[in-house]
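Printed here is protein_25.pdb (PDB, C-alpha atoms):
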ATOM      1  CA  MET A   1     -42.565 -58.369 -72.656
ATOM      2  CA  VAL A   2     -42.067 -60.399 -69.479
ATOM      3  CA  ILE A   3     -44.240 -63.406 -68.740
ATOM      4  CA  ALA A   4     -44.848 -63.907 -65.052
ATOM      5  CA  VAL A   5     -44.330 -67.395 -63.852
ATOM      6  CA  THR A   6     -46.166 -69.347 -61.240
ATOM      7  CA  ALA A   7     -44.707 -71.853 -58.837
ATOM      8  CA  ALA A   8     -44.309 -74.232 -61.747
ATOM      9  CA  ASP A   9     -41.926 -71.744 -63.407
ATOM     10  CA  THR A  10     -43.500 -71.859 -66.855
ATOM     11  CA  THR A  11     -40.836 -71.213 -69.524
ATOM     12  CA  SER A  12     -41.269 -69.088 -72.645
ATOM     13  CA  HIS A  13     -38.633 -69.849 -75.295
ATOM     14  CA  PHE A  14     -39.034 -66.500 -77.034
ATOM     15  CA  PHE A  15     -39.781 -63.694 -74.588
ATOM     16  CA  GLY A  16     -37.936 -65.010 -71.532
ATOM     17  CA  THR A  17     -38.616 -66.261 -68.060
ATOM     18  CA  LEU A  18     -39.251 -64.218 -64.952
ATOM     19  CA  ILE A  19     -37.669 -65.924 -61.972
ATOM     20  CA  HIS A  20     -38.923 -64.564 -58.659
ATOM     21  CA  HIS A  21     -36.393 -63.831 -55.970
ATOM     22  CA  PRO A  22     -37.229 -64.707 -52.351
ATOM     23  CA  ASN A  23     -37.224 -60.973 -51.729
ATOM     24  CA  PRO A  24     -40.561 -59.841 -53.233
ATOM     25  CA  SER A  25     -39.220 -56.374 -54.021
ATOM     26  CA  TYR A  26     -37.620 -57.425 -57.284
ATOM     27  CA  GLY A  27     -37.134 -60.305 -59.644
ATOM     28  CA  LYS A  28     -34.508 -61.687 -61.988
ATOM     29  CA  ILE A  29     -35.016 -61.999 -65.710
ATOM     30  CA  GLN A  30     -33.239 -64.871 -67.406
ATOM     31  CA  ALA A  31     -33.341 -64.460 -71.167
ATOM     32  CA  ARG A  32     -33.829 -67.590 -73.178
ATOM     33  CA  PHE A  33     -34.080 -67.300 -76.932
ATOM     34  CA  GLY A  34     -34.741 -70.431 -78.913
ATOM     35  CA  PHE A  35     -36.007 -70.689 -82.453
ATOM     36  CA  SER A  36     -35.782 -74.462 -82.835
ATOM     37  CA  CYS A  37     -38.603 -76.078 -84.738
ATOM     38  CA  GLY A  38     -39.799 -79.576 -84.113
ATOM     39  CA  THR A  39     -38.044 -82.131 -82.000
ATOM     40  CA  LYS A  40     -34.326 -81.920 -81.416
ATOM     41  CA  LYS A  41     -32.155 -84.511 -83.052
ATOM     42  CA  PRO A  42     -30.381 -86.791 -80.595
ATOM     43  CA  ALA A  43     -26.651 -86.290 -80.270
ATOM     44  CA  PRO A  44     -24.602 -88.731 -82.350
ATOM     45  CA  PRO A  45     -23.033 -91.555 -80.348
ATOM     46  CA  LYS A  46     -19.417 -91.113 -79.412
ATOM     47  CA  LYS A  47     -16.914 -93.122 -81.352
ATOM     48  CA  ALA A  48     -15.137 -95.730 -79.314
ATOM     49  CA  ALA A  49     -11.445 -94.977 -78.973
ATOM     50  CA  PRO A  50      -9.252 -97.633 -80.599
ATOM     51  CA  GLU A  51      -7.385 -99.821 -78.169
ATOM     52  CA  PRO A  52      -3.614 -99.269 -78.191
ATOM     53  CA  PRO A  53      -1.419-102.289 -78.809
ATOM     54  CA  SER A  54      -0.190-104.107 -75.707
ATOM     55  CA  ASP A  55       3.475-104.045 -76.766
ATOM     56  CA  ARG A  56       3.495-100.348 -77.551
ATOM     57  CA  LEU A  57       6.795 -98.495 -77.791
ATOM     58  CA  VAL A  58       7.115 -95.132 -76.060
ATOM     59  CA  TRP A  59       9.690 -92.363 -76.375
ATOM     60  CA  LEU A  60      11.066 -93.034 -72.882
ATOM     61  CA  PRO A  61      11.078 -96.368 -71.029
ATOM     62  CA  ASN A  62       8.196 -96.637 -68.565
ATOM     63  CA  ALA A  63       6.773 -93.314 -69.784
ATOM     64  CA  THR A  64       2.988 -92.945 -69.699
ATOM     65  CA  PRO A  65       1.668 -91.557 -73.001
ATOM     66  CA  PRO A  66      -1.217 -89.087 -72.902
ATOM     67  CA  GLU A  67      -4.683 -90.426 -73.602
ATOM     68  CA  TRP A  68      -5.026 -88.541 -76.897
ATOM     69  CA  LEU A  69      -2.006 -90.388 -78.307
ATOM     70  CA  ASP A  70      -3.374 -93.920 -78.392
ATOM     71  CA  GLY A  71      -0.616 -95.475 -80.501
ATOM     72  CA  THR A  72      -2.744 -96.060 -83.601
ATOM     73  CA  MET A  73      -0.883 -93.504 -85.719
ATOM     74  CA  ILE A  74       2.321 -94.730 -87.332
ATOM     75  CA  GLY A  75       5.352 -93.515 -85.418
ATOM     76  CA  ASP A  76       3.317 -92.480 -82.365
ATOM     77  CA  ARG A  77       5.595 -92.837 -79.336
ATOM     78  CA  GLY A  78       3.439 -90.874 -76.906
ATOM     79  CA  PHE A  79       5.620 -87.754 -76.922
ATOM     80  CA  ASP A  80       3.574 -84.587 -76.397
ATOM     81  CA  PRO A  81       4.832 -82.865 -73.218
ATOM     82  CA  PHE A  82       2.991 -79.594 -73.931
ATOM     83  CA  GLY A  83      -0.299 -81.194 -74.976
ATOM     84  CA  PHE A  84      -0.354 -79.611 -78.429
ATOM     85  CA  ALA A  85      -2.280 -82.520 -79.973
ATOM     86  CA  LYS A  86      -4.922 -82.666 -77.263
ATOM     87  CA  LEU A  87      -8.446 -82.362 -78.604
ATOM     88  CA  ALA A  88      -9.820 -78.879 -78.025
ATOM     89  CA  GLU A  89     -12.452 -78.537 -75.308
ATOM     90  CA  TYR A  90     -15.196 -75.940 -75.572
ATOM     91  CA  LEU A  91     -16.829 -74.757 -72.347
ATOM     92  CA  GLN A  92     -20.589 -74.287 -72.363
ATOM     93  CA  PHE A  93     -21.740 -71.448 -70.107
ATOM     94  CA  ASP A  94     -25.145 -70.808 -68.645
ATOM     95  CA  LEU A  95     -26.933 -67.575 -69.515
ATOM     96  CA  ASP A  96     -26.108 -64.466 -67.522
ATOM     97  CA  PHE A  97     -28.638 -63.261 -64.971
ATOM     98  CA  LEU A  98     -29.915 -59.726 -65.418
ATOM     99  CA  ASP A  99     -30.926 -57.957 -62.219
ATOM    100  CA  GLN A 100     -32.729 -54.671 -62.736
ATOM    101  CA  ASN A 101     -32.026 -53.388 -59.225
ATOM    102  CA  LEU A 102     -28.315 -54.161 -59.050
ATOM    103  CA  ALA A 103     -25.458 -52.647 -60.999
ATOM    104  CA  LYS A 104     -23.692 -56.005 -61.180
ATOM    105  CA  ASN A 105     -24.904 -58.828 -63.400
ATOM    106  CA  VAL A 106     -24.055 -62.365 -62.344
ATOM    107  CA  ALA A 107     -22.179 -64.266 -65.064
ATOM    108  CA  GLY A 108     -23.375 -67.689 -66.036
ATOM    109  CA  GLU A 109     -21.478 -70.688 -64.721
ATOM    110  CA  VAL A 110     -19.933 -73.512 -66.704
ATOM    111  CA  ILE A 111     -22.587 -76.134 -67.286
ATOM    112  CA  GLY A 112     -20.792 -78.491 -69.637
ATOM    113  CA  VAL A 113     -17.805 -79.290 -71.815
ATOM    114  CA  ILE A 114     -18.048 -80.008 -75.539
ATOM    115  CA  ASN A 115     -15.322 -82.233 -76.947
ATOM    116  CA  GLU A 116     -16.782 -83.389 -80.236
ATOM    117  CA  MET A 117     -16.906 -80.954 -83.129
ATOM    118  CA  THR A 118     -19.163 -80.906 -86.132
ATOM    119  CA  GLU A 119     -17.522 -82.320 -89.220
ATOM    120  CA  LEU A 120     -16.738 -79.541 -91.668
ATOM    121  CA  LYS A 121     -16.493 -79.915 -95.385
ATOM    122  CA  PRO A 122     -12.783 -79.511 -96.181
ATOM    123  CA  THR A 123     -11.679 -76.801 -98.572
ATOM    124  CA  PRO A 124      -8.233 -75.878 -99.943
ATOM    125  CA  PHE A 125      -8.170 -72.982 -97.481
ATOM    126  CA  GLN A 126      -9.353 -75.109 -94.551
ATOM    127  CA  PRO A 127      -8.440 -78.763 -95.092
ATOM    128  CA  TYR A 128      -8.905 -79.579 -91.407
ATOM    129  CA  MET A 129     -11.733 -78.718 -89.049
ATOM    130  CA  GLU A 130      -9.251 -77.333 -86.504
ATOM    131  CA  VAL A 131      -5.868 -75.645 -86.832
ATOM    132  CA  PHE A 132      -4.400 -77.585 -83.924
ATOM    133  CA  VAL A 133      -5.403 -81.172 -84.544
ATOM    134  CA  LEU A 134      -3.345 -84.361 -84.527
ATOM    135  CA  GLN A 135      -3.609 -85.068 -88.262
ATOM    136  CA  ARG A 136      -2.421 -81.566 -89.125
ATOM    137  CA  PHE A 137       0.519 -81.872 -86.734
ATOM    138  CA  ARG A 138       1.507 -85.091 -88.474
ATOM    139  CA  GLU A 139       1.394 -83.341 -91.851
ATOM    140  CA  CYS A 140       3.563 -80.475 -90.580
ATOM    141  CA  GLU A 141       5.992 -82.890 -88.930
ATOM    142  CA  LEU A 142       6.392 -84.930 -92.088
ATOM    143  CA  ILE A 143       6.849 -81.918 -94.381
ATOM    144  CA  HIS A 144       9.388 -80.305 -92.054
ATOM    145  CA  GLY A 145      11.158 -83.644 -91.746
ATOM    146  CA  ARG A 146      11.446 -84.043 -95.513
ATOM    147  CA  TRP A 147      12.924 -80.571 -95.855
ATOM    148  CA  ALA A 148      15.297 -81.325 -92.987
ATOM    149  CA  MET A 149      16.487 -84.502 -94.696
ATOM    150  CA  LEU A 150      17.207 -82.555 -97.893
ATOM    151  CA  GLY A 151      18.863 -79.747 -95.956
ATOM    152  CA  SER A 152      21.058 -82.041 -93.876
ATOM    153  CA  LEU A 153      22.219 -83.927 -96.950
ATOM    154  CA  GLY A 154      22.730 -80.681 -98.863
ATOM    155  CA  ALA A 155      24.840 -79.138 -96.099
ATOM    156  CA  ILE A 156      27.272 -82.063 -96.284
ATOM    157  CA  VAL A 157      27.316 -82.506-100.074
ATOM    158  CA  VAL A 158      27.794 -78.798-100.846
ATOM    159  CA  LYS A 159      30.712 -78.521 -98.456
ATOM    160  CA  ALA A 160      32.329 -81.652 -99.899
ATOM    161  CA  LEU A 161      31.964 -80.510-103.543
ATOM    162  CA  THR A 162      32.511 -76.751-103.320
ATOM    163  CA  GLY A 163      34.329 -76.175-100.054
ATOM    164  CA  VAL A 164      31.721 -73.608 -99.003
ATOM    165  CA  ALA A 165      29.895 -74.127 -95.732
ATOM    166  CA  TRP A 166      26.117 -74.095 -95.924
ATOM    167  CA  GLN A 167      25.793 -71.006 -93.724
ATOM    168  CA  ASP A 168      28.108 -69.071 -96.081
ATOM    169  CA  ALA A 169      26.412 -70.110 -99.320
ATOM    170  CA  GLY A 170      24.273 -66.963 -99.393
ATOM    171  CA  LYS A 171      27.315 -64.725 -99.083
ATOM    172  CA  VAL A 172      28.948 -66.412-102.080
ATOM    173  CA  GLU A 173      25.768 -65.990-104.113
ATOM    174  CA  LEU A 174      25.636 -62.262-103.398
ATOM    175  CA  VAL A 175      29.289 -61.716-104.323
ATOM    176  CA  GLU A 176      29.865 -64.120-107.213
ATOM    177  CA  GLY A 177      26.333 -64.393-108.580
ATOM    178  CA  SER A 178      23.939 -67.328-108.723
ATOM    179  CA  SER A 179      25.499 -70.776-108.991
ATOM    180  CA  TYR A 180      24.702 -74.384-108.199
ATOM    181  CA  LEU A 181      27.370 -76.763-106.905
ATOM    182  CA  GLY A 182      30.007 -74.324-108.103
ATOM    183  CA  GLN A 183      28.563 -74.046-111.629
ATOM    184  CA  PRO A 184      27.256 -70.600-112.699
ATOM    185  CA  LEU A 185      23.585 -70.297-113.621
ATOM    186  CA  PRO A 186      22.268 -68.161-116.514
ATOM    187  CA  PHE A 187      19.962 -66.282-114.129
ATOM    188  CA  SER A 188      20.468 -63.341-111.845
ATOM    189  CA  LEU A 189      19.810 -63.852-108.163
ATOM    190  CA  THR A 190      16.594 -61.827-108.382
ATOM    191  CA  THR A 191      15.313 -63.932-111.285
ATOM    192  CA  LEU A 192      16.224 -67.098-109.415
ATOM    193  CA  ILE A 193      14.214 -65.958-106.394
ATOM    194  CA  TRP A 194      11.148 -65.252-108.555
ATOM    195  CA  ILE A 195      11.431 -68.675-110.212
ATOM    196  CA  GLU A 196      11.638 -70.350-106.811
ATOM    197  CA  VAL A 197       8.631 -68.436-105.465
ATOM    198  CA  GLN A 198       6.492 -69.392-108.456
ATOM    199  CA  VAL A 199       7.551 -73.049-108.515
ATOM    200  CA  ILE A 200       7.117 -73.595-104.773
ATOM    201  CA  GLY A 201       3.884 -71.594-104.788
ATOM    202  CA  TYR A 202       2.445 -73.786-107.538
ATOM    203  CA  ILE A 203       3.480 -76.952-105.695
ATOM    204  CA  GLU A 204       1.899 -75.752-102.454
ATOM    205  CA  PHE A 205      -1.278 -74.752-104.277
ATOM    206  CA  GLN A 206      -1.586 -78.215-105.814
ATOM    207  CA  ARG A 207      -0.893 -79.864-102.468
ATOM    208  CA  ASN A 208      -3.593 -77.862-100.698
ATOM    209  CA  ALA A 209      -6.039 -78.658-103.495
ATOM    210  CA  GLU A 210      -5.835 -82.304-102.361
ATOM    211  CA  LEU A 211      -8.380 -82.786 -99.566
ATOM    212  CA  ASP A 212      -7.719 -86.458 -98.842
ATOM    213  CA  PRO A 213      -5.535 -86.492 -95.672
ATOM    214  CA  GLU A 214      -3.728 -89.659 -96.781
ATOM    215  CA  LYS A 215      -2.910 -88.365-100.258
ATOM    216  CA  ARG A 216      -1.788 -85.036 -98.841
ATOM    217  CA  LEU A 217       0.974 -86.875 -97.006
ATOM    218  CA  TYR A 218       1.724 -89.659 -99.468
ATOM    219  CA  PRO A 219       0.728 -88.544-102.976
ATOM    220  CA  GLY A 220       2.581 -91.374-104.738
ATOM    221  CA  GLY A 221       2.812 -91.236-108.532
ATOM    222  CA  TYR A 222       5.770 -89.067-109.565
ATOM    223  CA  PHE A 223       6.872 -88.892-105.927
ATOM    224  CA  ASP A 224       7.352 -92.659-105.853
ATOM    225  CA  PRO A 225       9.207 -93.358-109.117
ATOM    226  CA  LEU A 226      10.510 -96.728-107.913
ATOM    227  CA  GLY A 227       7.085 -97.923-106.831
ATOM    228  CA  LEU A 228       8.280 -98.725-103.309
ATOM    229  CA  ALA A 229       4.848 -98.075-101.810
ATOM    230  CA  SER A 230       3.031-100.375-104.244
ATOM    231  CA  ASP A 231       3.290-103.310-101.832
ATOM    232  CA  PRO A 232       0.567-102.848 -99.168
ATOM    233  CA  GLU A 233       2.485-105.097 -96.759
ATOM    234  CA  LYS A 234       5.562-102.855 -96.817
ATOM    235  CA  ILE A 235       3.936 -99.445 -96.935
ATOM    236  CA  ASP A 236       3.539 -99.161 -93.152
ATOM    237  CA  ASN A 237       7.207-100.013 -92.623
ATOM    238  CA  LEU A 238       8.188 -97.372 -95.172
ATOM    239  CA  LYS A 239       6.030 -94.763 -93.462
ATOM    240  CA  LEU A 240       7.569 -95.621 -90.106
ATOM    241  CA  ALA A 241      11.099 -95.439 -91.534
ATOM    242  CA  GLU A 242      10.367 -92.062 -93.115
ATOM    243  CA  ILE A 243       9.001 -90.476 -89.947
ATOM    244  CA  LYS A 244      11.981 -91.791 -87.959
ATOM    245  CA  HIS A 245      14.468 -90.391 -90.461
ATOM    246  CA  SER A 246      12.514 -87.126 -90.548
ATOM    247  CA  ARG A 247      12.735 -86.656 -86.798
ATOM    248  CA  LEU A 248      16.412 -87.529 -86.780
ATOM    249  CA  ALA A 249      17.109 -85.085 -89.639
ATOM    250  CA  MET A 250      15.316 -82.265 -87.818
ATOM    251  CA  VAL A 251      17.508 -82.861 -84.772
ATOM    252  CA  PHE A 252      20.610 -82.968 -86.991
ATOM    253  CA  PHE A 253      19.813 -79.689 -88.695
ATOM    254  CA  LEU A 254      19.098 -78.048 -85.350
ATOM    255  CA  ILE A 255      22.584 -79.149 -84.266
ATOM    256  CA  PHE A 256      24.014 -77.801 -87.539
ATOM    257  CA  GLY A 257      22.449 -74.416 -86.862
ATOM    258  CA  ILE A 258      23.661 -74.217 -83.253
ATOM    259  CA  GLN A 259      27.102 -75.384 -84.322
ATOM    260  CA  ALA A 260      27.356 -72.742 -87.064
ATOM    261  CA  ALA A 261      26.165 -69.971 -84.723
ATOM    262  CA  ILE A 262      28.704 -70.851 -82.008
ATOM    263  CA  THR A 263      31.757 -72.025 -83.953
ATOM    264  CA  GLY A 264      31.134 -70.566 -87.435
ATOM    265  CA  LYS A 265      31.925 -73.948 -88.988
ATOM    266  CA  GLY A 266      29.926 -76.437 -91.017
ATOM    267  CA  PRO A 267      29.501 -80.073 -90.007
ATOM    268  CA  ILE A 268      32.496 -81.379 -92.017
ATOM    269  CA  SER A 269      34.853 -78.632 -90.831
ATOM    270  CA  PHE A 270      33.762 -79.110 -87.253
ATOM    271  CA  ILE A 271      34.401 -82.852 -87.363
ATOM    272  CA  ALA A 272      37.757 -82.310 -89.080
ATOM    273  CA  SER A 273      38.831 -79.976 -86.279
ATOM    274  CA  PHE A 274      38.967 -82.932 -83.886
ATOM    275  CA  ASN A 275      41.920 -84.374 -85.819
ATOM    276  CA  ASN A 276      44.003 -81.262 -85.199
TER     277      ASN A 276
END
Is it possible to give me this structure as structure tokens?
Amino acid sequence: MVIAVTAADTTSHFFGTLIHHPNPSYGKIQARFGFSCGTKKPAPPKKAAPEPPSDRLVWLPNATPPEWLDGTMIGDRGFDPFGFAKLAEYLQFDLDFLDQNLAKNVAGEVIGVINEMTELKPTPFQPYMEVFVLQRFRECELIHGRWAMLGSLGAIVVKALTGVAWQDAGKVELVEGSSYLGQPLPFSLTTLIWIEVQVIGYIEFQRNAELDPEKRLYPGGYFDPLGLASDPEKIDNLKLAEIKHSRLAMVFFLIFGIQAAITGKGPISFIASFNN
């Protein structure tokens, strides 16, 4: 059913609005469906962005950090050349216009941009309201950095104790069986893989069950046996030191991988080759 409008263009929120074209031979129907009851709630006020510190450090001297990296997060040096951490923008389009006498329907134009998103209740399967959000990037960066620190240390220690380069460790396992630091293990390689999958899977399940963003990154307890983070005055310095070492370790392990692919040597063998 189409409700004819007068010069005042009376709007019907259920059946639609008939908008007369200057050409009296036809009209345009703009569908508007709204089932809202009562008065609309006013939009929540925008949160004021925290002011960055005046003596802020950046990744490159005189570099201008993007606006979404305001320096409030520990270790934030304003480095995001591809804009991965930029808050997602959602375009709001007007309704399409349906013309009965033309084969082409005019698409609605952009009438607004939505930056703020509704807060979602976190779940173990969706701990963040968006996949690409700054807090999630920090979690991924920190976890990758911790693995990189273990991997970089392991590549050097294993070579020093066993004489086997880290990139050749898998070959030795397949030929000689499972071992750790040169000592044989009472498990087959297949059993060892299943044990690793179950242990790591359980750890990841427990980590995702934690919905507090701070505890997801810094659980404490058994992961802080020396109680280093018990002093609230030193905890920020420890977090900053960890993220710095994490970034450095990721760069180191990237160099280890490139070095092994090009020269076929581990880090110790490559350094020792300079003495020859």
Near region 77-96 of chain A, 8 Å: region 111-212 of chain A residue rows, closest pairs, all atoms listed in the file, as a tab-separated table:
residue	atom	partner	partner_atom	distance
A:Ile111	CA	A:Phe93	CA	5.5
A:Gly112	CA	A:Gln92	CA	5.0
A:Val113	CA	A:Leu91	CA	4.7
A:Ile114	CA	A:Tyr90	CA	5.0
A:Asn115	CA	A:Glu89	CA	5.0
A:Phe132	CA	A:Ala85	CA	6.7
A:Val133	CA	A:Ala85	CA	5.7
A:Leu134	CA	A:Ala85	CA	5.0
A:Phe137	CA	A:Ala85	CA	7.3
Residues from last step as file, C-alpha atoms, as a CSV table (one decimal), in the frame of the given file:
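Result written to result.csv:
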chain,number,residue,atom,x,y,z
A,111,ILE,CA,-22.6,-76.1,-67.3
A,112,GLY,CA,-20.8,-78.5,-69.6
A,113,VAL,CA,-17.8,-79.3,-71.8
A,114,ILE,CA,-18.0,-80.0,-75.5
A,115,ASN,CA,-15.3,-82.2,-76.9
A,132,PHE,CA,-4.4,-77.6,-83.9
A,133,VAL,CA,-5.4,-81.2,-84.5
A,134,LEU,CA,-3.3,-84.4,-84.5
A,137,PHE,CA,0.5,-81.9,-86.7
### Query
For Arg216 (chain A), which residue out of A:Leu240, A:Ala148, A:Met250, A:Leu142 is the nearest one, using all atoms listed in the file?
A:Leu142
### Query
By how many Å are CA of Asp236 (chain A) and CA of Ile74 (chain A) apart?
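Interatomic distance here is 7.4 Å.
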### Query
Pick the closest to His245 (chain A) from A:Ser269, A:Ser152, A:Thr72, A:Gln135: which is it, counting all atoms listed in the file?
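The shortest atom-to-atom distance to His245 (chain A) comes from A:Ser152.
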May I have a table of the residues of region 56-159 of chain A lying at most 12 Å from region 218-227 of chain A, giving each one's closest pair of atoms and their distance in Å to one decimal, counting all atoms listed in the file, ordered by chain and ascending residue number, as CSV?
residue,atom,partner,partner_atom,distance
A:Arg138,CA,A:Tyr218,CA,11.9
A:Glu139,CA,A:Tyr218,CA,9.9
A:Leu142,CA,A:Tyr218,CA,9.9
A:Ile143,CA,A:Tyr218,CA,10.6
A:Arg146,CA,A:Tyr218,CA,11.9
### Query
Where does the PyMOL selection byres ((chain A and resi 188-203) around 12) land in this file, that is, which residues does it pick, as number ranges by chain?
A: 170-180, 184-187, 204-210, 216
Could the residues in this selection be saved with C-alpha atoms as a CSV table (one decimal), keeping the file's coordinate frame?
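Output file out.csv is given in full below:
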chain,number,residue,atom,x,y,z
A,170,GLY,CA,24.3,-67.0,-99.4
A,171,LYS,CA,27.3,-64.7,-99.1
A,172,VAL,CA,28.9,-66.4,-102.1
A,173,GLU,CA,25.8,-66.0,-104.1
A,174,LEU,CA,25.6,-62.3,-103.4
A,175,VAL,CA,29.3,-61.7,-104.3
A,176,GLU,CA,29.9,-64.1,-107.2
A,177,GLY,CA,26.3,-64.4,-108.6
A,178,SER,CA,23.9,-67.3,-108.7
A,179,SER,CA,25.5,-70.8,-109.0
A,180,TYR,CA,24.7,-74.4,-108.2
A,184,PRO,CA,27.3,-70.6,-112.7
A,185,LEU,CA,23.6,-70.3,-113.6
A,186,PRO,CA,22.3,-68.2,-116.5
A,187,PHE,CA,20.0,-66.3,-114.1
A,204,GLU,CA,1.9,-75.8,-102.5
A,205,PHE,CA,-1.3,-74.8,-104.3
A,206,GLN,CA,-1.6,-78.2,-105.8
A,207,ARG,CA,-0.9,-79.9,-102.5
A,208,ASN,CA,-3.6,-77.9,-100.7
A,209,ALA,CA,-6.0,-78.7,-103.5
A,210,GLU,CA,-5.8,-82.3,-102.4
A,216,ARG,CA,-1.8,-85.0,-98.8
